[in-house]
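Asker: I'm passing along target-v9.tsv; it holds TSV, C-alpha atoms.
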chain	number	residue	atom	x	y	z
A	27	MET	CA	91.05	-69.34	-52.11
A	28	VAL	CA	93.28	-71.41	-49.82
A	29	LYS	CA	94.08	-69.86	-46.45
A	30	ARG	CA	97.11	-70.61	-44.31
A	31	VAL	CA	97.52	-71.37	-40.61
A	32	LEU	CA	100.83	-71.36	-38.73
A	33	MET	CA	100.61	-74.27	-36.26
A	34	ILE	CA	102.96	-74.11	-33.25
A	35	ALA	CA	103.24	-77.53	-31.61
A	36	TYR	CA	105.80	-79.27	-29.44
A	37	HIS	CA	104.09	-82.67	-29.82
A	38	PHE	CA	104.81	-83.67	-33.41
A	39	PRO	CA	106.69	-86.53	-35.09
A	40	PRO	CA	109.37	-87.77	-34.53
A	41	LEU	CA	108.46	-87.35	-30.85
A	42	HIS	CA	107.67	-90.81	-29.49
A	43	GLY	CA	105.25	-91.88	-26.80
A	44	SER	CA	102.66	-89.11	-26.57
A	45	SER	CA	99.03	-89.24	-27.67
A	46	GLY	CA	99.23	-85.44	-27.99
A	47	ILE	CA	100.99	-85.92	-31.31
A	48	GLN	CA	97.78	-87.03	-32.95
A	49	ARG	CA	95.81	-83.80	-32.49
A	50	THR	CA	98.24	-81.59	-34.42
A	51	LEU	CA	99.25	-84.32	-36.87
A	52	ARG	CA	95.66	-85.10	-37.88
A	53	PHE	CA	94.64	-81.43	-38.02
A	54	ALA	CA	97.56	-80.93	-40.40
A	55	ARG	CA	96.36	-83.86	-42.47
A	56	TYR	CA	92.67	-82.95	-42.73
A	57	LEU	CA	92.59	-79.14	-42.68
A	58	PRO	CA	93.56	-78.96	-46.40
A	59	ASP	CA	90.26	-80.75	-47.17
A	60	HIS	CA	88.54	-77.65	-45.80
A	61	GLY	CA	90.55	-74.94	-47.51
A	62	TRP	CA	93.37	-74.48	-44.99
A	63	GLU	CA	97.08	-75.01	-45.66
A	64	PRO	CA	99.06	-75.80	-42.47
A	65	ILE	CA	102.61	-74.61	-41.80
A	66	VAL	CA	103.94	-76.44	-38.74
A	67	LEU	CA	106.51	-74.90	-36.40
A	68	ALA	CA	107.96	-77.57	-34.08
A	69	PRO	CA	111.13	-77.79	-31.94
A	70	SER	CA	114.33	-79.46	-33.00
A	71	SER	CA	114.13	-83.19	-32.36
A	72	ARG	CA	117.01	-82.87	-29.87
A	73	ALA	CA	114.44	-81.44	-27.44
A	74	TYR	CA	112.50	-84.72	-27.36
A	75	GLN	CA	113.16	-87.31	-24.67
A	76	GLN	CA	112.46	-90.13	-27.12
A	77	THR	CA	112.16	-90.15	-30.88
A	78	ASN	CA	110.75	-92.60	-33.38
A	79	SER	CA	110.57	-92.10	-37.13
A	80	GLY	CA	107.50	-94.33	-37.47
A	81	GLN	CA	104.96	-91.51	-37.83
A	82	LEU	CA	107.04	-89.21	-40.00
A	83	ALA	CA	105.42	-90.94	-42.97
A	84	ASP	CA	102.02	-89.77	-41.69
A	85	ILE	CA	102.94	-86.12	-42.27
A	86	PRO	CA	101.33	-85.16	-45.59
A	87	GLN	CA	103.83	-84.12	-48.24
A	88	GLN	CA	102.08	-80.80	-48.83
A	89	VAL	CA	102.49	-79.77	-45.18
A	90	HIS	CA	105.48	-77.51	-44.56
A	91	VAL	CA	107.25	-78.50	-41.33
A	92	HIS	CA	109.92	-76.21	-39.88
A	93	ARG	CA	111.94	-76.89	-36.75
A	94	ALA	CA	113.52	-74.30	-34.48
A	95	PHE	CA	116.36	-74.52	-31.99
A	96	ALA	CA	115.27	-75.98	-28.66
A	97	LEU	CA	116.82	-77.74	-25.69
A	98	ASP	CA	115.36	-79.75	-22.85
A	99	THR	CA	116.72	-78.05	-19.73
A	100	ALA	CA	116.61	-81.28	-17.72
A	101	LYS	CA	118.56	-83.14	-20.40
A	102	HIS	CA	120.97	-80.58	-21.77
A	103	LEU	CA	121.59	-78.06	-18.97
A	104	THR	CA	121.87	-80.35	-15.95
A	105	LEU	CA	125.12	-80.37	-13.99
A	106	MET	CA	125.65	-83.11	-11.41
A	107	GLY	CA	121.95	-83.94	-11.47
A	108	TRP	CA	120.81	-80.33	-10.88
A	109	TYR	CA	119.75	-77.35	-12.97
A	110	PRO	CA	118.47	-73.87	-11.98
A	111	ARG	CA	114.69	-73.87	-12.08
A	112	VAL	CA	114.78	-70.38	-13.57
A	113	LEU	CA	116.09	-71.99	-16.78
A	114	ALA	CA	112.91	-74.08	-16.97
A	115	LEU	CA	110.27	-71.34	-16.84
A	116	PRO	CA	107.57	-71.68	-17.90
A	117	ASP	CA	108.76	-75.22	-18.69
A	118	ARG	CA	111.85	-77.25	-19.55
A	119	TRP	CA	111.60	-76.19	-23.20
A	120	ALA	CA	111.77	-72.43	-22.59
A	121	SER	CA	114.76	-72.22	-24.98
A	122	TRP	CA	112.39	-73.14	-27.82
A	123	TRP	CA	111.02	-69.58	-27.55
A	124	LEU	CA	114.47	-68.22	-28.46
A	125	GLY	CA	114.62	-70.29	-31.62
A	126	ALA	CA	110.95	-70.29	-32.60
A	127	VAL	CA	110.19	-66.56	-32.52
A	128	PRO	CA	112.69	-65.64	-35.28
A	129	VAL	CA	111.79	-68.74	-37.30
A	130	GLY	CA	108.09	-67.95	-36.85
A	131	TRP	CA	108.70	-64.36	-37.95
A	132	TYR	CA	110.44	-65.67	-41.08
A	133	LEU	CA	107.57	-68.08	-41.81
A	134	ILE	CA	105.01	-65.30	-41.40
A	135	LYS	CA	106.91	-63.10	-43.87
A	136	LYS	CA	107.26	-65.99	-46.33
A	137	TYR	CA	103.83	-67.66	-46.15
A	138	LYS	CA	101.65	-64.80	-44.83
A	139	PRO	CA	99.39	-67.03	-42.70
A	140	ASP	CA	95.87	-65.85	-41.94
A	141	VAL	CA	95.87	-67.32	-38.42
A	142	ILE	CA	98.38	-68.43	-35.78
A	143	TRP	CA	97.46	-71.59	-33.82
A	144	SER	CA	99.35	-72.97	-30.82
A	145	THR	CA	98.64	-75.93	-28.59
A	146	TYR	CA	99.25	-76.66	-24.89
A	147	PRO	CA	100.52	-78.64	-22.91
A	148	ILE	CA	103.99	-77.19	-23.21
A	149	ALA	CA	103.38	-73.66	-22.09
A	150	THR	CA	106.22	-72.36	-24.25
A	151	ALA	CA	104.10	-73.08	-27.34
A	152	HIS	CA	101.53	-70.50	-26.18
A	153	LEU	CA	104.34	-68.09	-25.26
A	154	ILE	CA	105.60	-68.34	-28.85
A	155	GLY	CA	102.09	-67.81	-30.19
A	156	LEU	CA	101.60	-64.82	-27.91
A	157	THR	CA	104.87	-63.21	-29.00
A	158	LEU	CA	104.17	-63.67	-32.71
A	159	GLN	CA	100.63	-62.34	-32.31
A	160	ARG	CA	101.88	-59.22	-30.52
A	161	LEU	CA	104.57	-58.67	-33.17
A	162	THR	CA	102.30	-59.13	-36.19
A	163	GLY	CA	98.69	-58.59	-35.13
A	164	ILE	CA	97.66	-61.84	-36.85
A	165	PRO	CA	94.66	-63.45	-35.10
A	166	TRP	CA	95.66	-66.27	-32.77
A	167	VAL	CA	93.79	-69.42	-31.73
A	168	ALA	CA	95.07	-70.98	-28.49
A	169	ASP	CA	94.38	-74.70	-28.11
A	170	PHE	CA	94.24	-76.15	-24.57
A	171	ARG	CA	94.40	-79.94	-24.56
A	172	ASP	CA	94.51	-79.74	-20.75
A	173	PRO	CA	93.69	-76.98	-18.26
A	174	MET	CA	96.82	-74.92	-17.73
A	175	VAL	CA	96.51	-73.74	-14.12
A	176	GLN	CA	94.62	-75.62	-11.41
A	177	PRO	CA	94.49	-75.14	-7.62
A	178	ASP	CA	97.32	-77.63	-7.04
A	179	TYR	CA	99.04	-77.51	-10.43
A	180	PRO	CA	101.79	-76.77	-11.27
A	181	PRO	CA	103.06	-77.87	-7.84
A	182	TYR	CA	106.13	-75.58	-7.70
A	183	PRO	CA	105.39	-71.90	-6.85
A	184	LEU	CA	107.79	-70.42	-9.44
A	185	THR	CA	106.37	-72.62	-12.18
A	186	TYR	CA	102.81	-71.90	-11.05
A	187	ARG	CA	103.35	-68.15	-11.32
A	188	ALA	CA	104.99	-68.52	-14.74
A	189	TYR	CA	102.08	-70.63	-16.00
A	190	GLU	CA	99.61	-68.16	-14.53
A	191	ARG	CA	101.24	-65.26	-16.41
A	192	VAL	CA	101.27	-67.15	-19.71
A	193	GLU	CA	97.68	-68.29	-19.23
A	194	ASN	CA	96.39	-64.79	-18.40
A	195	LYS	CA	98.11	-63.24	-21.40
A	196	THR	CA	96.96	-66.06	-23.66
A	197	ILE	CA	93.29	-65.62	-22.73
A	198	THR	CA	93.64	-61.84	-23.03
A	199	TYR	CA	95.24	-61.68	-26.47
A	200	CYS	CA	94.00	-64.78	-28.31
A	201	SER	CA	91.07	-64.42	-30.68
A	202	SER	CA	89.71	-67.82	-29.60
A	203	ALA	CA	90.57	-70.30	-26.86
A	204	VAL	CA	89.77	-73.93	-27.68
A	205	PHE	CA	89.20	-76.65	-25.06
A	206	THR	CA	88.75	-80.39	-25.43
A	207	THR	CA	86.19	-81.02	-22.69
A	208	PRO	CA	83.01	-79.25	-21.50
A	209	GLY	CA	84.28	-79.12	-17.90
A	210	THR	CA	87.46	-77.27	-18.82
A	211	LEU	CA	85.54	-74.81	-20.98
A	212	ARG	CA	83.14	-74.07	-18.09
A	213	ASP	CA	86.07	-73.70	-15.71
A	214	TYR	CA	87.74	-71.07	-17.90
A	215	GLN	CA	84.50	-69.16	-18.40
A	216	THR	CA	84.15	-69.05	-14.60
A	217	ARG	CA	87.75	-68.03	-13.98
A	218	PHE	CA	87.73	-65.33	-16.69
A	219	PRO	CA	84.27	-63.74	-16.34
A	220	HIS	CA	85.48	-60.50	-17.95
A	221	VAL	CA	86.25	-62.32	-21.22
A	222	PRO	CA	83.34	-62.68	-23.69
A	223	ALA	CA	81.92	-66.20	-23.63
A	224	SER	CA	82.13	-66.22	-27.43
A	225	ARG	CA	85.92	-66.44	-27.16
A	226	PHE	CA	85.73	-69.96	-25.70
A	227	HIS	CA	85.10	-72.99	-27.92
A	228	LEU	CA	84.88	-76.76	-27.54
A	229	ILE	CA	86.65	-79.00	-30.05
A	230	GLU	CA	87.11	-82.49	-28.62
A	231	ASN	CA	89.92	-84.92	-29.31
A	232	GLY	CA	89.16	-87.77	-31.69
A	233	TYR	CA	90.24	-90.91	-33.48
A	234	ASP	CA	91.67	-91.32	-36.96
A	235	GLU	CA	89.35	-93.51	-39.02
A	236	PHE	CA	92.02	-94.08	-41.68
A	237	SER	CA	94.33	-95.65	-39.09
A	238	PHE	CA	91.69	-98.26	-38.21
A	239	THR	CA	90.82	-99.30	-41.77
A	240	SER	CA	93.60	-101.90	-42.11
A	241	ILE	CA	93.16	-103.45	-38.65
A	242	ILE	CA	91.47	-106.86	-38.62
A	243	ARG	CA	89.51	-107.77	-35.49
A	244	PRO	CA	90.58	-111.21	-34.15
A	245	VAL	CA	88.22	-113.98	-33.18
A	246	ASN	CA	86.91	-114.24	-29.62
A	247	GLN	CA	89.99	-115.05	-27.55
A	248	ILE	CA	88.13	-115.79	-24.33
A	249	ALA	CA	86.40	-118.75	-25.92
A	250	GLY	CA	89.72	-120.09	-27.15
A	251	THR	CA	91.96	-119.63	-24.10
A	252	GLY	CA	89.60	-119.00	-21.20
A	253	ARG	CA	91.80	-116.09	-20.10
A	254	ILE	CA	90.64	-112.46	-20.31
A	255	THR	CA	93.20	-109.86	-21.37
A	256	LEU	CA	92.73	-106.23	-20.31
A	257	LEU	CA	94.91	-103.40	-21.58
A	258	HIS	CA	95.84	-99.95	-20.36
A	259	SER	CA	97.64	-98.23	-23.24
A	260	GLY	CA	99.64	-95.12	-22.38
A	261	ILE	CA	101.13	-93.15	-19.53
A	262	ILE	CA	100.09	-93.91	-15.97
A	263	TYR	CA	100.80	-90.78	-13.94
A	264	PRO	CA	101.33	-91.68	-10.26
A	265	TRP	CA	99.51	-88.53	-9.18
A	266	GLU	CA	96.59	-88.60	-11.64
A	267	ARG	CA	96.12	-92.26	-12.57
A	268	ASP	CA	97.43	-93.97	-9.46
A	269	PRO	CA	96.58	-97.70	-9.70
A	270	THR	CA	97.16	-98.42	-5.98
A	271	PHE	CA	93.51	-99.17	-5.21
A	272	LEU	CA	93.21	-101.28	-8.37
A	273	PHE	CA	96.28	-103.30	-7.42
A	274	ASP	CA	94.99	-103.72	-3.86
A	275	ALA	CA	91.67	-104.97	-5.25
A	276	LEU	CA	93.44	-107.39	-7.59
A	277	SER	CA	95.49	-108.73	-4.69
A	278	ALA	CA	92.35	-109.35	-2.64
A	279	LEU	CA	90.52	-111.04	-5.54
A	280	LEU	CA	93.57	-113.18	-6.20
A	281	LYS	CA	93.66	-114.36	-2.57
A	282	GLN	CA	89.94	-115.13	-2.72
A	283	ASN	CA	90.48	-117.20	-5.90
A	284	VAL	CA	88.01	-114.99	-7.78
A	285	ILE	CA	90.75	-114.39	-10.37
A	286	SER	CA	93.95	-116.22	-11.24
A	287	ALA	CA	96.84	-116.10	-13.70
A	288	ASP	CA	94.86	-118.54	-15.85
A	289	SER	CA	91.76	-116.35	-15.96
A	290	LEU	CA	93.07	-112.75	-16.13
A	291	HIS	CA	96.01	-110.89	-17.66
A	292	ILE	CA	96.38	-107.11	-17.37
A	293	ILE	CA	98.87	-105.36	-19.69
A	294	LEU	CA	100.15	-101.88	-18.82
A	295	ARG	CA	101.60	-100.68	-22.11
A	296	ALA	CA	104.02	-97.72	-22.29
A	297	SER	CA	103.27	-96.55	-18.74
A	298	HIS	CA	106.45	-94.40	-18.53
A	299	HIS	CA	106.61	-94.93	-14.74
A	300	GLU	CA	107.76	-98.53	-14.66
A	301	SER	CA	109.82	-98.29	-11.47
A	302	TYR	CA	106.88	-96.97	-9.47
A	303	LEU	CA	104.49	-99.52	-10.95
A	304	ARG	CA	106.92	-102.39	-10.44
A	305	SER	CA	107.22	-101.48	-6.77
A	306	LEU	CA	103.42	-101.58	-6.44
A	307	ILE	CA	103.16	-104.87	-8.33
A	308	ASP	CA	105.73	-106.41	-5.98
A	309	ARG	CA	104.09	-104.88	-2.92
A	310	PHE	CA	100.71	-106.42	-3.72
A	311	ASP	CA	102.21	-109.64	-5.15
A	312	ILE	CA	100.23	-109.49	-8.40
A	313	GLY	CA	103.06	-110.12	-10.87
A	314	THR	CA	101.34	-113.26	-12.16
A	315	ILE	CA	98.44	-111.13	-13.40
A	316	VAL	CA	99.84	-107.66	-14.17
A	317	SER	CA	102.67	-107.14	-16.64
A	318	LEU	CA	104.48	-104.02	-17.85
A	319	ALA	CA	105.03	-103.69	-21.60
A	320	PRO	CA	107.26	-101.30	-23.59
A	321	PRO	CA	106.07	-98.65	-26.04
A	322	VAL	CA	105.17	-99.73	-29.57
A	323	SER	CA	104.37	-97.83	-32.75
A	324	TYR	CA	101.06	-96.00	-33.05
A	325	ASN	CA	99.61	-98.53	-35.48
A	326	GLU	CA	100.75	-101.43	-33.30
A	327	ALA	CA	99.11	-99.76	-30.29
A	328	LEU	CA	95.81	-99.46	-32.17
A	329	SER	CA	96.02	-103.08	-33.29
A	330	GLU	CA	96.52	-104.18	-29.70
A	331	MET	CA	93.50	-102.14	-28.55
A	332	VAL	CA	91.35	-103.95	-31.08
A	333	ALA	CA	92.77	-107.38	-30.20
A	334	VAL	CA	92.33	-107.44	-26.41
A	335	ASP	CA	89.16	-108.41	-24.57
A	336	GLY	CA	88.78	-105.15	-22.67
A	337	LEU	CA	90.35	-101.72	-22.20
A	338	LEU	CA	91.17	-99.89	-18.96
A	339	VAL	CA	90.86	-96.18	-18.22
A	340	LEU	CA	92.45	-94.70	-15.08
A	341	GLN	CA	91.51	-91.11	-14.21
A	342	ALA	CA	91.53	-89.47	-10.78
A	343	ALA	CA	88.74	-87.19	-9.57
A	344	SER	CA	91.24	-84.30	-9.65
A	345	CYS	CA	91.07	-84.62	-13.44
A	346	ASN	CA	87.28	-84.50	-13.71
A	347	ASN	CA	87.49	-81.73	-16.32
A	348	GLN	CA	89.74	-83.83	-18.55
A	349	ILE	CA	89.19	-86.75	-20.93
A	350	PRO	CA	92.22	-88.91	-21.87
A	351	ALA	CA	92.91	-88.48	-25.57
A	352	LYS	CA	93.21	-92.25	-25.98
A	353	LEU	CA	89.59	-92.69	-24.86
A	354	TYR	CA	88.43	-91.79	-28.37
A	355	GLU	CA	90.65	-94.49	-29.86
A	356	TYR	CA	89.36	-96.89	-27.23
A	357	LEU	CA	85.80	-96.10	-28.32
A	358	ARG	CA	86.62	-96.59	-32.01
A	359	ALA	CA	88.35	-99.90	-31.21
A	360	GLN	CA	84.87	-101.09	-30.20
A	361	ARG	CA	86.10	-103.10	-27.27
A	362	PRO	CA	84.44	-103.07	-23.83
A	363	ILE	CA	85.84	-100.36	-21.54
A	364	LEU	CA	86.23	-100.48	-17.78
A	365	ALA	CA	86.65	-96.90	-16.59
A	366	LEU	CA	88.15	-96.37	-13.15
A	367	THR	CA	87.19	-92.74	-12.75
A	368	ASP	CA	84.85	-90.43	-10.86
A	369	PRO	CA	81.28	-90.99	-12.13
A	370	ALA	CA	80.76	-87.20	-11.91
A	371	GLY	CA	83.64	-86.33	-14.27
A	372	ASP	CA	83.78	-85.57	-18.00
A	373	THR	CA	85.30	-88.96	-18.83
A	374	ALA	CA	82.37	-90.79	-17.24
A	375	GLU	CA	79.87	-88.48	-18.91
A	376	LYS	CA	81.45	-89.10	-22.31
A	377	LEU	CA	81.20	-92.86	-21.80
A	378	ARG	CA	77.58	-92.69	-20.68
A	379	SER	CA	76.72	-90.57	-23.72
A	380	VAL	CA	77.69	-93.49	-25.99
A	381	GLY	CA	76.00	-96.16	-23.87
A	382	ILE	CA	78.87	-97.38	-21.67
A	383	ASP	CA	78.11	-97.67	-17.94
A	384	THR	CA	81.00	-99.83	-16.69
A	385	ILE	CA	82.37	-97.02	-14.52
A	386	ILE	CA	83.96	-97.40	-11.06
A	387	PRO	CA	85.65	-94.84	-8.75
A	388	LEU	CA	89.42	-95.11	-8.98
A	389	ASP	CA	89.90	-94.57	-5.24
A	390	SER	CA	87.77	-97.38	-3.77
A	391	LYS	CA	89.17	-100.87	-3.31
A	392	GLU	CA	85.75	-102.34	-2.49
A	393	ALA	CA	84.05	-100.70	-5.48
A	394	ILE	CA	86.80	-101.92	-7.80
A	395	MET	CA	86.55	-105.47	-6.47
A	396	GLU	CA	82.81	-105.50	-7.12
A	397	GLY	CA	82.92	-103.62	-10.42
A	398	LEU	CA	85.82	-105.59	-11.87
A	399	SER	CA	84.16	-108.90	-11.00
A	400	ARG	CA	80.99	-107.71	-12.74
A	401	PHE	CA	82.95	-106.51	-15.79
A	402	LEU	CA	84.72	-109.87	-16.14
A	403	MET	CA	81.36	-111.64	-15.92
A	404	LEU	CA	79.93	-109.37	-18.65
A	405	LEU	CA	82.93	-110.12	-20.86
A	406	ARG	CA	82.53	-113.88	-20.44
A	407	GLU	CA	78.83	-113.60	-21.25
A	408	ASN	CA	79.52	-111.27	-24.20
A	409	ARG	CA	77.24	-108.62	-22.65
A	410	ALA	CA	79.70	-105.80	-21.91
A	411	PRO	CA	78.56	-102.54	-23.55
A	412	VAL	CA	80.49	-101.30	-26.60
A	413	ALA	CA	80.13	-97.94	-28.36
A	414	SER	CA	78.89	-98.12	-31.94
A	415	VAL	CA	80.75	-96.28	-34.69
A	416	GLU	CA	77.56	-94.31	-35.39
A	417	LYS	CA	77.57	-92.88	-31.87
A	418	ILE	CA	81.19	-91.70	-32.04
A	419	ARG	CA	81.38	-90.63	-35.69
A	420	SER	CA	81.37	-86.94	-34.69
A	421	ASN	CA	84.69	-87.58	-32.93
A	422	SER	CA	86.57	-88.71	-36.02
A	423	ARG	CA	89.63	-86.59	-36.76
A	424	GLU	CA	88.04	-85.56	-40.06
A	425	ALA	CA	84.99	-84.23	-38.23
A	426	VAL	CA	86.95	-82.29	-35.61
A	427	ALA	CA	89.26	-80.86	-38.30
A	428	LYS	CA	86.15	-79.54	-40.03
A	429	GLU	CA	85.14	-77.90	-36.74
A	430	LEU	CA	88.56	-76.26	-36.45
A	431	ALA	CA	88.40	-75.06	-40.06
A	432	GLY	CA	85.03	-73.47	-39.32
A	433	LEU	CA	86.49	-71.69	-36.28
A	434	LEU	CA	89.51	-70.48	-38.28
A	435	ASN	CA	87.15	-69.12	-40.94
A	436	ALA	CA	85.14	-67.30	-38.28
A	437	VAL	CA	88.29	-65.82	-36.73
A	438	THR	CA	89.54	-64.48	-40.05
A	439	GLU	CA	86.13	-63.03	-40.89
A	440	THR	CA	85.95	-61.28	-37.52
A	441	ASP	CA	89.46	-59.92	-37.98
A	442	ARG	CA	88.56	-58.65	-41.45
A	443	VAL	CA	85.53	-56.81	-40.09
A	444	LYS	CA	87.73	-55.09	-37.50
I need this file expressed as structure tokens, please.

Answerer:
Amino acid sequence: MVKRVLMIAYHFPPLHGSSGIQRTLRFARYLPDHGWEPIVLAPSSRAYQQTNSGQLADIPQQVHVHRAFALDTAKHLTLMGWYPRVLALPDRWASWWLGAVPVGWYLIKKYKPDVIWSTYPIATAHLIGLTLQRLTGIPWVADFRDPMVQPDYPPYPLTYRAYERVENKTITYCSSAVFTTPGTLRDYQTRFPHVPASRFHLIENGYDEFSFTSIIRPVNQIAGTGRITLLHSGIIYPWERDPTFLFDALSALLKQNVISADSLHIILRASHHESYLRSLIDRFDIGTIVSLAPPVSYNEALSEMVAVDGLLVLQAASCNNQIPAKLYEYLRAQRPILALTDPAGDTAEKLRSVGIDTIIPLDSKEAIMEGLSRFLMLLRENRAPVASVEKIRSNSREAVAKELAGLLNAVTETDRVK
């Protein structure tokens, strides 16, 4: 007998420019293979900063997608460049709660889902899940793609308190809380010692094997051009992925003639903070080596990952309990990875578990100079470590969807026993 899950997600096509789309989209695609029919509740597309219809075709026809009224406070309720922060609590999409609760109630009456599932970030998604769970008593699985509250996040006191309230109620009333990294799971178990450990579960992010099947790997470009191309694909947050030390190291290596525009090209694709990055590029005078590139479609982004000589990860030590979602696509692209991150963090541990040791602290100019020079040498000698598909197969989207289906089954069985 097919069961149903109501999936509450802000990040869903036609939203453009977020790797968070893939988790919900691929769960919706592969859960039916394991006996679960998804009903997706997303916001109106007017709430998105950017839209692109490219991935709408990836939504399976059998998946019911419903959209509820929602505004972006910063976009729709700003007057003369200002809006009351109270209208953006817990986040800028708080109005989605007003539209989604009645629509969710209607969907529950119509489809009678066995489980409610919501995914963060976007705290309002968990607030919607919480409200519908309290109204209906249906078991609720809360998915945390990132930790919600940290010592210095959110930075604004009002927002911090709002997040804290939503987080506390979510952990209290959800049947299961799902985390994407071991460090975050351990952190929540420590912070909520009164909650049974059995409520916390690990389901990592992953890559979509189907999306890679049509991509053809190019011939060795280094041998043909002599220039190495490195790529960072995705958002570069100034406070969590600050490339200042990397740029300083590049500037020093450039002055020492260790690298040149003829030997190295670094592409920062879809960074979303171009003004900040451009100021740094100008400051360190590395424009001949580092270039900013606009967003492209998901399939084009994957093709580029496969085509370049190496891939860059930037992750500050403050994010040690997080793993960038794109890392799994990097691994499946089977290109060498240079990770500028704390060797003690979850990202570094994930890389070491699949045989990749090209890891350098993000906050050390000297270490980056040495590590980057070594990485470029390994690339030229074709000795840079690459993860095999066999080692990362458990992180395919099909595999993690099977894990989620197993958890949903367990939740419904537990609820039935009660």

Asker: Need to verify the contact set: Glu235 (chain A), 12 Å, all atoms listed in the file, exclusion of same-chain residues closer than 5 positions in sequence. Can you return it as a PDB file with C-alpha atoms, in the coordinates of the input?

Answerer:
ATOM      1  CA  ARG A  52      95.660 -85.100 -37.880  1.00  0.00           C
ATOM      2  CA  TYR A  56      92.670 -82.950 -42.730  1.00  0.00           C
ATOM      3  CA  SER A 240      93.600-101.900 -42.110  1.00  0.00           C
ATOM      4  CA  ILE A 241      93.160-103.450 -38.650  1.00  0.00           C
ATOM      5  CA  ASN A 325      99.610 -98.530 -35.480  1.00  0.00           C
ATOM      6  CA  LEU A 328      95.810 -99.460 -32.170  1.00  0.00           C
ATOM      7  CA  TYR A 354      88.430 -91.790 -28.370  1.00  0.00           C
ATOM      8  CA  GLU A 355      90.650 -94.490 -29.860  1.00  0.00           C
ATOM      9  CA  LEU A 357      85.800 -96.100 -28.320  1.00  0.00           C
ATOM     10  CA  ARG A 358      86.620 -96.590 -32.010  1.00  0.00           C
ATOM     11  CA  ALA A 359      88.350 -99.900 -31.210  1.00  0.00           C
ATOM     12  CA  VAL A 415      80.750 -96.280 -34.690  1.00  0.00           C
ATOM     13  CA  ILE A 418      81.190 -91.700 -32.040  1.00  0.00           C
ATOM     14  CA  ARG A 419      81.380 -90.630 -35.690  1.00  0.00           C
ATOM     15  CA  SER A 420      81.370 -86.940 -34.690  1.00  0.00           C
ATOM     16  CA  ASN A 421      84.690 -87.580 -32.930  1.00  0.00           C
ATOM     17  CA  SER A 422      86.570 -88.710 -36.020  1.00  0.00           C
ATOM     18  CA  ARG A 423      89.630 -86.590 -36.760  1.00  0.00           C
ATOM     19  CA  GLU A 424      88.040 -85.560 -40.060  1.00  0.00           C
ATOM     20  CA  ALA A 425      84.990 -84.230 -38.230  1.00  0.00           C
ATOM     21  CA  VAL A 426      86.950 -82.290 -35.610  1.00  0.00           C
TER      22      VAL A 426
END

Asker: Distance CA of Thr145 (chain A)-CA of Pro183 (chain A), one decimal place?

Answerer: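 Rounded to one decimal, the two atoms are 23.1 Å apart.
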
Asker: Which residue, A:Thr440, A:Ser323, A:Thr270, A:Ser329, has the smallest gap to Leu366 (chain A) when you use all atoms listed in the file?

Answerer: A:Thr270

Asker: Grab the CA of Gln48 (chain A) to CA of Ser201 (chain A) distance for me, in Å with one decimal place.

Answerer: 23.7 Å

Asker: Skip Trp143 (chain A) itself and residues of its chain fewer than 6 positions away, then list as number ranges by chain all residues within 12 Å of it, counting only C-alpha atoms.

Answerer: A: 30-35, 50, 53-54, 64-67, 130, 151-156, 158-159, 164-170, 196, 200-204, 430-431, 433-434, 437

Asker: With 8 Å added on each side, what axis-aligned box encloses every listed atom of region 404-420 of chain A? Give the centre and edge lengths in Å to one decimal, as AutoDock Vina command-line options.

Answerer:
--center_x 80.1 --center_y -100.4 --center_z -27.2 --size_x 21.7 --size_y 42.9 --size_z 33.0

Asker: CA of Leu228 (chain A) and CA of Asn347 (chain A) are how many Å apart?

Answerer: 12.5 Å

Asker: Give me, as a tab-separated table, each residue of region 114-227 of chain A that comes within 12 Å of region 341-345 of chain A, together with its shortest interatomic pair and the distance in Å at one decimal, counting all atoms listed in the file, with rows ordered by chain and rising residue number.

Answerer:
residue	atom	partner	partner_atom	distance
A:Asp172	CA	A:Cys345	CA	9.4
A:Pro173	CA	A:Cys345	CA	9.4
A:Gln176	CA	A:Ser344	CA	9.5
A:Pro177	CA	A:Ser344	CA	9.9
A:Asp178	CA	A:Ser344	CA	9.4
A:Tyr179	CA	A:Ser344	CA	10.4
A:Thr207	CA	A:Cys345	CA	11.1
A:Gly209	CA	A:Cys345	CA	9.8
A:Thr210	CA	A:Cys345	CA	9.8

Asker: Residues proximal to (114.0, -77.8, -28.8) were defined as those with any atom within 7 Å of that point in the file's coordinates, counting only C-alpha atoms. Which are they, as number ranges by chain?

Answerer: A: 69-73, 94-98, 119, 121-122

Asker: So which residues touch Val112 (chain A) within 12 Å, counting only C-alpha atoms, skipping near sequence neighbours fewer than 4 positions away, as a list in words?

Answerer: Thr99, Ala100, Leu103, Trp108, Pro116, Asp117, Arg118, Trp119, Ala120, Ser121, Tyr182, Pro183, Leu184, Thr185, Arg187 and Ala188 of chain A

Asker: Using all atoms listed in the file, which protein or nucleic acid residues come within 7 Å of region 285-287 of chain A? Drop anything in the same chain fewer than 6 positions from it, and give the result as a VMD selection string.

Answerer: chain A and resid 279 314 to 315
